[in-house]
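Chemist: Shown below is the structure under consideration.
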Amino acid sequence: MKAALSSVPEKQQQDSEFLRDVLEGLGGKRKTLPCKYLYDEVGSRLFEDICEVSDYYLTRTEASIFATNLKDIADKIGPEALLIEPGAGNCEKIEALLAQLESPKGYYPIDISPEILLNAEHRIKANQPEMQVWSAVGDFTQPDVWDQLTQLPSRKRVVFFPGSTIGNFEPDKAEQLLELFAANLGVGDGLLIGTDLVKDSVRLERAYHDSEHVTERFNKNLLNRINTELEADFDLSLFAHRAFYHQLRKRVEMHLVSLKDHSVSVAGTRVEFSEGETIHTENSHKYSISDFNQLLARGGFRPICHWKDAAASYAIHYAQAI
Ligand SMILES: C[S@@+](CC[C@H](N)C(=O)[O-])C[C@H]1O[C@@H](n2cnc3c(N)ncnc32)[C@H](O)[C@@H]1O
């Protein structure tokens with residue numbers, strides 16, 4: 001069983017969903033675009049570049065927590081587990097964990113970006129030939145990409161959700177996503193999940209507005225993608241990248257700010273922008289350990305333990321489905 005590159009009808013359906021979401025997002029009083037569309041092939045590569053940027057401490061810190069605690073984490077997961085990774089991207093983080101686990105039953109990565117997923121699958125199979133990998137291309141917030149799981153062998157299932165991707169969801173949506181994870185797990189199955197922790201706003205803002213301007217290119221690539229895929233005429237020089245920490249909502253917001261009054265055509269529909277108006281493109285929520293434990297409980301999980309770096313910048317949590 002295998003979900004590979006999208007077939008033609010699937011591609012057409014994805015394009016029309018993309019157009020619908022873009023027109024809906026740009027047609028509202030406050031303009032927004034769903035952050036999942038940041039990840040076309042170029043966006044996924046730019047995200048990999050962001051992970052290398054010195055201001056973006058998240059990936060480095062998470063990696064150091066994994067490196068220090070890998071054996072302990074593998075022991076918590078236990079033998080014969082099937083690992084499921086929603087939003088797997090280049091699947092780099094799972095490889096060391098799969099290698100450390102006792103007799104893993106396989107790996108089920110899910111991503112909306114088929115190219116990055118297929119490259120990753122080839123790499124894993126080259127590095128760990130016995131590993132069973134079933135890739136699923138699709139939106140992990142939709143139940144259908146989880147359907148194949150029922151047919152896969154496992155004694156225990158563990159959802160692996162690193163990268164603080166849960167932070168991209170507003171708290172009520174994060175809760176719904178955890179409920180979807182729990183619905184695809186049995187009682188006692190695991191969730192290994194990374195969260196960025198609340199910290200000073202200067203460090204947070206620098207991470208999302210880095211001095212090498214990689215996040216800016218990542219954010220603006222969304223307009224390029226809309227131009228290419230939806231016959232739009234965004235002029236990228238008329239938008240600026242903005243990222244700021246919202247203290248009350250405990251999240252970094254990423255926006256594209258219109259630098260003057262102008263209009264844009266998207267598949268024949270005119271969209272008006274006034275100077276200073278923004279398109280809200282991404283949220284990255286930050287948590288304290290206790291806030292996140294409460295979220296886990298609301299989403300159907302019992303928090304078991306967590307690992308942090310020495311500076312308490314970032315945490316990896318292990319929880320069990322109730
Ligand atoms: C922030 S990256 C995290 C990648 C990787 N898990 C990590 O920790 O580095 C997000 C990845 O999730 C994918 N993604 C984002 N939203 C998605 C969605 N709703 N469904 C499926 N994949 C999604 C993107 O294509 C991208 O590869």
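Each chain in the structure tokens gets a letter, A, B and so on, in the order shown; residues start at 1 in every chain, and ligands are counted from 1 in the order they appear.
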Compute the set of protein, DNA and RNA residues whose minimum atom distance to ligand 1 is at most 7 Å, using only C-alpha atoms and all ligand atoms, and state it as a list in words.
Modeler: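 Listed by chain and ascending number, the contacts are Cys35, Lys36, Tyr39, Asp40, Ser44, Phe47, Thr59, Pro86, Gly87, Ala88, Gly89, Asn90, Cys91, Lys93, Ile110, Asp111, Ile112, Ser113, Gly138, Asp139, Phe140, Thr141, Phe161, Pro162, Gly163, Ser164 and Thr165 of chain A.
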Chemist: Step one, run DSSP on the backbone; step two, keep only residues of segment 18-143 of chain A assigned to strand (DSSP E or B); then write them as an mmCIF file with N, CA, C and O atoms, in the first residue's frame.
Modeler:
```
data_model
loop_
_atom_site.group_PDB
_atom_site.id
_atom_site.type_symbol
_atom_site.label_atom_id
_atom_site.label_comp_id
_atom_site.auth_asym_id
_atom_site.auth_seq_id
_atom_site.Cartn_x
_atom_site.Cartn_y
_atom_site.Cartn_z
ATOM 1 N N LYS A 31 -6.994 39.850 6.303
ATOM 2 C CA LYS A 31 -6.527 38.876 5.307
ATOM 3 C C LYS A 31 -5.598 37.843 5.956
ATOM 4 O O LYS A 31 -4.712 38.191 6.731
ATOM 5 N N THR A 32 -5.873 36.575 5.628
ATOM 6 C CA THR A 32 -5.047 35.481 6.159
ATOM 7 C C THR A 32 -4.816 34.462 5.048
ATOM 8 O O THR A 32 -5.591 34.401 4.090
ATOM 9 N N ALA A 81 7.271 -0.796 17.962
ATOM 10 C CA ALA A 81 6.370 0.346 17.734
ATOM 11 C C ALA A 81 6.330 0.723 16.256
ATOM 12 O O ALA A 81 7.316 0.570 15.530
ATOM 13 N N LEU A 82 5.169 1.218 15.842
ATOM 14 C CA LEU A 82 5.019 1.825 14.517
ATOM 15 C C LEU A 82 5.026 3.335 14.739
ATOM 16 O O LEU A 82 4.216 3.845 15.506
ATOM 17 N N LEU A 83 5.965 4.007 14.092
ATOM 18 C CA LEU A 83 6.094 5.456 14.262
ATOM 19 C C LEU A 83 5.327 6.184 13.159
ATOM 20 O O LEU A 83 5.490 5.846 11.986
ATOM 21 N N ILE A 84 4.523 7.152 13.534
ATOM 22 C CA ILE A 84 3.717 7.921 12.573
ATOM 23 C C ILE A 84 4.161 9.369 12.694
ATOM 24 O O ILE A 84 4.186 9.913 13.805
ATOM 25 N N GLU A 85 4.542 9.985 11.575
ATOM 26 C CA GLU A 85 5.011 11.377 11.683
ATOM 27 C C GLU A 85 4.194 12.309 10.779
ATOM 28 O O GLU A 85 4.419 12.390 9.568
ATOM 29 N N PRO A 86 3.244 13.063 11.351
ATOM 30 C CA PRO A 86 2.501 14.038 10.556
ATOM 31 C C PRO A 86 3.373 15.261 10.263
ATOM 32 O O PRO A 86 4.031 15.769 11.175
ATOM 33 N N GLY A 106 7.864 -0.144 11.793
ATOM 34 C CA GLY A 106 7.871 0.645 10.558
ATOM 35 C C GLY A 106 7.596 2.112 10.819
ATOM 36 O O GLY A 106 7.499 2.550 11.979
ATOM 37 N N TYR A 107 7.469 2.823 9.715
ATOM 38 C CA TYR A 107 7.389 4.290 9.782
ATOM 39 C C TYR A 107 6.341 4.766 8.782
ATOM 40 O O TYR A 107 6.334 4.319 7.623
ATOM 41 N N TYR A 108 5.460 5.664 9.221
ATOM 42 C CA TYR A 108 4.372 6.174 8.387
ATOM 43 C C TYR A 108 4.440 7.703 8.364
ATOM 44 O O TYR A 108 3.847 8.372 9.208
ATOM 45 N N PRO A 109 5.254 8.280 7.436
ATOM 46 C CA PRO A 109 5.328 9.751 7.369
ATOM 47 C C PRO A 109 4.170 10.312 6.537
ATOM 48 O O PRO A 109 3.777 9.710 5.526
ATOM 49 N N ILE A 110 3.646 11.454 6.969
ATOM 50 C CA ILE A 110 2.558 12.135 6.244
ATOM 51 C C ILE A 110 3.043 13.539 5.927
ATOM 52 O O ILE A 110 3.554 14.232 6.813
ATOM 53 N N ASP A 111 2.883 13.977 4.679
ATOM 54 C CA ASP A 111 3.228 15.371 4.360
ATOM 55 C C ASP A 111 2.441 15.807 3.131
ATOM 56 O O ASP A 111 2.108 14.993 2.271
ATOM 57 N N VAL A 133 8.512 1.422 5.220
ATOM 58 C CA VAL A 133 8.073 2.823 5.184
ATOM 59 C C VAL A 133 6.824 2.920 4.307
ATOM 60 O O VAL A 133 6.825 2.432 3.182
ATOM 61 N N ALA A 136 2.473 8.748 3.141
ATOM 62 C CA ALA A 136 1.124 9.215 2.803
ATOM 63 C C ALA A 136 1.193 10.695 2.448
ATOM 64 O O ALA A 136 1.655 11.506 3.258
ATOM 65 N N VAL A 137 0.757 11.035 1.240
ATOM 66 C CA VAL A 137 0.746 12.438 0.815
ATOM 67 C C VAL A 137 -0.637 12.993 1.098
ATOM 68 O O VAL A 137 -1.633 12.464 0.621
#
```
Chemist: Smallest atom-to-atom distance to Asp309 of chain A: which of A:Asp200, A:Glu275, A:Glu115, A:Glu62, using only C-alpha atoms?
Modeler: A:Glu62
Chemist: Return the single residue from A:Arg249, A:Arg203, A:Arg20, A:Lys29 that is closest to Glu170 of chain A, with distances computed using only C-alpha atoms.
Modeler: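 Ranking A:Arg249, A:Arg203, A:Arg20, A:Lys29 by distance to Glu170 of chain A, first place goes to A:Arg249.
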Chemist: Compile the contact shell of Leu58 of chain A as a ChimeraX atom specification: residues with an atom at most 9 Å away, counting only C-alpha atoms, same-chain residues fewer than 3 positions apart removed.
Modeler: /A:51,55,61-63,163-164,196,207,313-314
Chemist: If you run DSSP on the backbone here, which positions in segment 51-255 of chain A get alpha helix (DSSP H)? Please write them as a ChimeraX atom specification.
Modeler: /A:51-52,57-77,92-100,114-127,171-183,201-208,214-230
Chemist: Do you have the atom CA of His306 of chain A-atom CA of Lys199 of chain A distance handy?
Modeler: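 We find that atom CA of His306 of chain A and atom CA of Lys199 of chain A lie 17.7 Å from each other.
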Chemist: Expressed in Å to a single decimal, how great is the separation between atom CA of His280 of chain A and atom CA of His255 of chain A?
Modeler: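 Calculated distance between atom CA of His280 of chain A and atom CA of His255 of chain A is 4.4 Å.
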Chemist: Which of these residues is nearest to Gly43 of chain A, using only C-alpha atoms: A:Asn221, A:Asn168, A:Ser211, A:Gln128?
Modeler: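 Looking only at the distances to Gly43 of chain A, the closest residue turns out to be A:Asn221.
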Chemist: Considering only C-alpha atoms, can you say which of A:Ala297, A:Leu197, A:Ala232, A:Ala99 comes closest to Arg251 of chain A?
Modeler: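 Ranked by minimum distance to Arg251 of chain A, first place goes to A:Leu197.
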Chemist: Given only C-alpha atoms as the basis, pick out the residue of A:Glu229, A:Glu282, A:Asp15, A:Asp291 nearest to Leu33 of chain A.
Modeler: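 Nearest to Leu33 of chain A: A:Glu282.
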Chemist: When distances are computed from only C-alpha atoms, which of A:Ala183, A:Asn283, A:Pro34, A:Leu46 shows the smallest separation from Glu17 of chain A?
Modeler: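 Under the stated criterion, the closest residue is A:Pro34.
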Chemist: What separation in Å, quoted to one decimal, exists between atom CA of Gly188 of chain A and atom CA of Ala321 of chain A?
Modeler: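 Between these atoms lies a distance of 5.2 Å.
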Chemist: Using only C-alpha atoms, determine which residues lie at most 12 Å from Val187 of chain A, disregarding the query and same-chain residues fewer than 5 positions distant; provide the list as a PyMOL selection string.
Modeler: chain A and resi 155-158+181-182+300-302+319-322
